[in-house]
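Enquirer: I'd like to ask you about the structure that follows.
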Amino acid sequence: MAHHPDHPPSPSPVTVHETLSARVLIGTGSRHTVPGECARLGARRVLLVSTPSAARIADELADALGPVLAARFDRPAVHTPVEVTAEALRLAERAGADSVVALGGGSAIGLAKALSVRTGIPQIAVPTTYAGSEATPVLGETENGVKTTRRAPGIAPGTIVYDPEPTLTLPPGLTLTSALNALAHAVEALWAPDANPLSDALASEAADGLLATLPLVLGEPTHPGHRARLQTSAWLAGLCLAGTSMGLHHRLAHALGGTYDLPHAPLHALLLPHVMAFNLPSAPRAATRLVRATGGADPVAAVAGLARSHDGPTTLAALGAPREGLRTIAERVAAALPPHPRPVGADSLTRLLEEAF
Ligand code: NAD
């Protein structure tokens with residue numbers, strides 16, 4: 001295969017794409033299929049993991065599961081701290097759980113992955129944000145403030161239920177930052193060194209759907225049709241995250257978020273237009289697709305405008321990053337960056353971060 005047009009020729013001409021096996025149920029009211037999906041897995045002792053924000057829908061699901069519900073855990077935390085996992089694991093063991101259902105954002109889904117990886121029990125994910133973790137074989141965990149990430153096919157939930165109704169309550173600010181978090185997966189897939197025809201198709205469709213629908217959802221947050229398209233676009237973006245190497249944007253977000261404990265989705269939303277402005281001039285093919293997705297507008301301006309709307313984060317300073325740490329972050333990221341459309345050095349990255357600051 002020819003090398004990716006946004007990259008210098010790679011030493012290996014072979015593109016590898018691995019497909020995860022998952023059963024995905026999409027549609028309004030699809031959460032009501034969860035008890036049937038549990039039965040399909042042969043589950044008789046279900047652990048329900050949910051965030052307080054999803055309490056009403058979790059209660060409803062608990063009722064529907066009836067005697068099959070073995071226990072509930074409603075305190076998942078961002079970045080999957082191992083202490084929280086240990087507590088949930090004790091509960092799962094006491095309850096004899098043979099499966100786990102996660103209802104919530106990336107925090108609930110991360111906890112279910114962490115439980116499944118330790119016990120081998122199957123998972124059903126019912127996402128309520130656009131982070132995309134349910135579509136990936138990746139688990140990030142924190143221990144003593146250090147975040148480590150592992151990847152294995154068995155980490156990904158085998159069943160995903162995309163019901164737009166639980167997303168109707170997501171406030172505009174979280175909707176905005178979470179959808180831009182999803183957009184970042186698609187944008188980075190477009191300039192990834194291992195981009196392939198499938199990831200290009202997924203990323204283009206994801207970017208089209210996210211950019212076209214996000215303003216509609218922000219204007220009318222409880223419109224089920226708009227929410228549904230935003231959700232399925234976020235699914236495709238999650239598949240991009242699963243199937244291609246994420247580059248500068250995710251490296252910066254990981255380094256900044258992990259070092260300074262910054263909020264996940266707002267950090268992605270803030271960084272994305274800065275990284276796009278940095279990379280797109282050197283990634284013409286990605287730029288062409290993103291111009292198409294914005295209906296002919298400048299994609300950087302479009303994303304920057306969205307990111308600033310609805311009380312979106314405006315500066316790294318406001319998110320809580322200290323200015324004196326930016327150079328170290330830039331050096332660390334520049335030293336370990338995979339093949340990238342534009343040459344990256346610690347100086348140019350420091351400038352990028354200072355602008356975001
Ligand atoms: P989250 O799950 O922490 O949720 C953010 C906030 O939104 C919480 O306060 C939650 O209660 C609230 N919320 C969620 N859904 C809601 C709804 N429908 N209505 C009202 N409030 C709602 O955040 P997230 O951004 O979804 O996930 C972030 C976490 O996921 C991080 O730990 C991140 O590292 C991880 N993540 C992992 C992957 C992966 O592939 N492993 C991918 C993306 C994110």
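Residue numbering restarts at 1 in every chain; chains get A, B, ... in the order shown in the structure tokens, and ligands count up from 1 in that same order.
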What residues of the protein or nucleic acid chains come within 6 Å of ligand 1 when you use only C-alpha atoms and all ligand atoms? Reply as a ChimeraX atom specification.

Expert: /A:51-53,78-80,104-108,128-129,131-133,136,138-140,166-167,169-170,178,264-265

Enquirer: Could you give me, as a count of residues only, the residues within 12 Å of Ala201 in chain A, counting only C-alpha atoms and dropping anything in the same chain fewer than 6 positions from it?

Expert: 14

Enquirer: Write out as a list in words the residues lying within 7 Å of range 321-330 of chain A, counting only C-alpha atoms and excluding same-chain residues fewer than 6 positions away.

Expert: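 Surrounding residues, per the criterion: Ala255, Leu256, Tyr260, Ala346, Leu349, Thr350 and Leu353 of chain A.
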
Enquirer: Just N, CA, C and O atoms for this one: save the residues we selected as an mmCIF file, in the first residue's frame.

Expert:
data_model
loop_
_atom_site.group_PDB
_atom_site.id
_atom_site.type_symbol
_atom_site.label_atom_id
_atom_site.label_comp_id
_atom_site.auth_asym_id
_atom_site.auth_seq_id
_atom_site.Cartn_x
_atom_site.Cartn_y
_atom_site.Cartn_z
ATOM 1 N N ALA A 255 -0.316 13.802 29.121
ATOM 2 C CA ALA A 255 0.767 14.317 29.971
ATOM 3 C C ALA A 255 0.246 15.420 30.896
ATOM 4 O O ALA A 255 0.506 15.413 32.111
ATOM 5 N N LEU A 256 -0.523 16.361 30.345
ATOM 6 C CA LEU A 256 -1.024 17.465 31.174
ATOM 7 C C LEU A 256 -2.053 16.968 32.191
ATOM 8 O O LEU A 256 -2.006 17.318 33.369
ATOM 9 N N TYR A 260 -1.162 17.120 36.159
ATOM 10 C CA TYR A 260 -1.820 18.173 36.959
ATOM 11 C C TYR A 260 -3.269 17.851 37.317
ATOM 12 O O TYR A 260 -3.981 18.712 37.806
ATOM 13 N N ALA A 346 10.761 20.478 21.250
ATOM 14 C CA ALA A 346 10.333 21.008 22.548
ATOM 15 C C ALA A 346 10.007 22.501 22.445
ATOM 16 O O ALA A 346 9.075 22.982 23.110
ATOM 17 N N LEU A 349 6.563 22.971 20.696
ATOM 18 C CA LEU A 349 5.486 22.508 21.589
ATOM 19 C C LEU A 349 5.299 23.447 22.770
ATOM 20 O O LEU A 349 4.180 23.677 23.221
ATOM 21 N N THR A 350 6.395 23.991 23.270
ATOM 22 C CA THR A 350 6.265 24.962 24.365
ATOM 23 C C THR A 350 5.457 26.158 23.882
ATOM 24 O O THR A 350 4.565 26.646 24.588
ATOM 25 N N LEU A 353 1.811 25.255 23.799
ATOM 26 C CA LEU A 353 1.214 25.208 25.143
ATOM 27 C C LEU A 353 1.070 26.610 25.732
ATOM 28 O O LEU A 353 0.095 26.906 26.432
#

Enquirer: Using only C-alpha atoms, which residue out of A:Glu354, A:Glu220, A:Asp59, A:Glu18 lies closest to Leu168 in chain A?

Expert: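 Smallest distance to Leu168 in chain A is found for A:Glu220.
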
Enquirer: Give the alpha helix (DSSP H) residues of range 77-213 of chain A, as assigned by DSSP on the backbone, as a VMD selection string.

Expert: chain A and resid 82 to 95 106 to 119 172 to 190 197 to 213

Enquirer: Can you work out the spacing between CA of Pro122 in chain A and CA of Gly154 in chain A in Å, to one decimal?

Expert: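 Separation of CA of Pro122 in chain A and CA of Gly154 in chain A: 9.2 Å.
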
Enquirer: Kindly give the distance, in Å, that separates CA of Leu103 in chain A and CA of Glu60 in chain A, rounded to a single decimal.

Expert: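 About the pair CA of Leu103 in chain A and CA of Glu60 in chain A: they are 11.6 Å apart.
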
Enquirer: Using DSSP on the backbone coordinates, identify all residues within range 144-243 of chain A classified as strand (DSSP E); present the result as a PyMOL selection string.

Expert: chain A and resi 146-151+159-162

Enquirer: Could those residues be written to a file, using N, CA and C atoms, as a JSON list (two decimals), in the first residue's frame?

Expert:
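For reference, part37.json as written:
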[["chain", "number", "residue", "atom", "x", "y", "z"],
["A", 146, "VAL", "N", -0.06, 8.15, 39.58],
["A", 146, "VAL", "CA", 0.57, 7.86, 38.28],
["A", 146, "VAL", "C", -0.43, 7.09, 37.43],
["A", 147, "LYS", "N", -0.63, 7.56, 36.20],
["A", 147, "LYS", "CA", -1.58, 6.90, 35.31],
["A", 147, "LYS", "C", -0.85, 5.97, 34.36],
["A", 148, "THR", "N", -1.27, 4.71, 34.33],
["A", 148, "THR", "CA", -0.70, 3.78, 33.35],
["A", 148, "THR", "C", -1.83, 3.29, 32.46],
["A", 149, "THR", "N", -1.47, 2.92, 31.25],
["A", 149, "THR", "CA", -2.47, 2.51, 30.27],
["A", 149, "THR", "C", -2.09, 1.15, 29.73],
["A", 150, "ARG", "N", -3.06, 0.27, 29.63],
["A", 150, "ARG", "CA", -2.78, -1.00, 28.97],
["A", 150, "ARG", "C", -3.82, -1.27, 27.89],
["A", 151, "ARG", "N", -3.44, -2.12, 26.95],
["A", 151, "ARG", "CA", -4.30, -2.42, 25.80],
["A", 151, "ARG", "C", -4.30, -3.92, 25.60],
["A", 159, "THR", "N", -20.47, -6.06, 24.65],
["A", 159, "THR", "CA", -21.79, -5.54, 24.27],
["A", 159, "THR", "C", -21.84, -4.05, 24.58],
["A", 160, "ILE", "N", -22.31, -3.27, 23.61],
["A", 160, "ILE", "CA", -22.48, -1.82, 23.83],
["A", 160, "ILE", "C", -23.91, -1.46, 23.47],
["A", 161, "VAL", "N", -24.54, -0.68, 24.33],
["A", 161, "VAL", "CA", -25.92, -0.26, 24.09],
["A", 161, "VAL", "C", -25.93, 1.26, 23.97],
["A", 162, "TYR", "N", -26.19, 1.75, 22.76],
["A", 162, "TYR", "CA", -26.25, 3.20, 22.54],
["A", 162, "TYR", "C", -27.71, 3.65, 22.52]]

Enquirer: Work out how far CA of Ala269 in chain A is from CA of Thr85 in chain A, in Å to one decimal.

Expert: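 Taking CA of Thr85 in chain A and CA of Ala269 in chain A, their separation equals 27.6 Å.
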
Enquirer: Could you pull the residues within 12 Å of Pro281 in chain A, counting only C-alpha atoms, minus those fewer than 2 positions along the same chain, as JSON, numbers by chain?

Expert: {"A": [6, 191, 275, 276, 277, 278, 279, 283, 284, 285, 286, 287, 288, 298, 299, 300, 341, 342, 343]}

Enquirer: For the selection just defined, write its residues with C-alpha atoms to a file, as an mmCIF file, in the first residue's frame.

Expert:
data_model
loop_
_atom_site.group_PDB
_atom_site.id
_atom_site.type_symbol
_atom_site.label_atom_id
_atom_site.label_comp_id
_atom_site.auth_asym_id
_atom_site.auth_seq_id
_atom_site.Cartn_x
_atom_site.Cartn_y
_atom_site.Cartn_z
ATOM 1 C CA ASP A 6 0.160 13.130 5.370
ATOM 2 C CA TRP A 191 -3.327 12.223 10.399
ATOM 3 C CA VAL A 275 -3.142 21.165 17.928
ATOM 4 C CA MET A 276 -5.209 21.431 14.731
ATOM 5 C CA ALA A 277 -3.723 24.870 13.999
ATOM 6 C CA PHE A 278 -0.265 23.386 14.562
ATOM 7 C CA ASN A 279 -0.694 20.257 12.436
ATOM 8 C CA ALA A 283 -1.554 17.407 6.958
ATOM 9 C CA PRO A 284 -3.343 18.532 3.785
ATOM 10 C CA ARG A 285 -5.429 15.414 3.376
ATOM 11 C CA ALA A 286 -6.772 15.624 6.919
ATOM 12 C CA ALA A 287 -7.360 19.353 6.361
ATOM 13 C CA THR A 288 -9.371 18.681 3.189
ATOM 14 C CA ASP A 298 -11.863 26.944 8.334
ATOM 15 C CA PRO A 299 -11.866 23.876 10.627
ATOM 16 C CA VAL A 300 -9.574 25.497 13.216
ATOM 17 C CA PRO A 341 2.868 15.047 10.013
ATOM 18 C CA ARG A 342 4.873 18.038 11.215
ATOM 19 C CA PRO A 343 8.333 17.953 12.808
#

Enquirer: From the list A:Glu134, A:Glu37, A:Glu141, A:Asp261, which residue is nearest Ala156 in chain A when using only C-alpha atoms?

Expert: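 Residue with the minimum atom-to-atom distance to Ala156 in chain A: A:Glu134.
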
Enquirer: Looking at only C-alpha atoms, which of A:Glu93, A:Ala301, A:Leu272, A:Arg292 is the one that sits closest to Ala356 in chain A?

Expert: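 Under the stated criterion, the closest residue is A:Leu272.
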
Enquirer: Contacts of Pro35 in chain A at 9 Å or less, counting only C-alpha atoms, minus same-chain residues fewer than 3 places along, as an MDAnalysis selection string?

Expert: chainID A and resid 31:32 38:40 61 64:65 68

Enquirer: Would you kindly return, as a ChimeraX atom specification, each protein, DNA or RNA residue with an atom no farther than 12 Å from any atom of Ala307 in chain A, considering only C-alpha atoms and excluding same-chain residues fewer than 2 positions away?

Expert: /A:172-181,183-184,211,214-215,218,265-274,299-305,309-315

Enquirer: Quick one: residues within 8 Å of His340 in chain A, only C-alpha atoms, excluding same-chain residues fewer than 4 positions away - as number ranges by chain?

Expert: A: 7, 191-193, 247-248, 344

Enquirer: Could you turn the residues from that selection into a file that holds C-alpha atoms, as a short mmCIF file (atom, residue, chain, number, x, y, z; two decimals), in the first residue's frame?

Expert:
data_model
loop_
_atom_site.label_atom_id
_atom_site.label_comp_id
_atom_site.auth_asym_id
_atom_site.auth_seq_id
_atom_site.Cartn_x
_atom_site.Cartn_y
_atom_site.Cartn_z
CA HIS A 7 3.31 11.26 6.38
CA TRP A 191 -3.33 12.22 10.40
CA ALA A 192 -2.28 9.01 12.16
CA PRO A 193 0.77 7.20 10.77
CA GLY A 247 -0.66 11.42 18.27
CA LEU A 248 0.28 14.85 19.56
CA VAL A 344 7.88 18.58 16.52
#
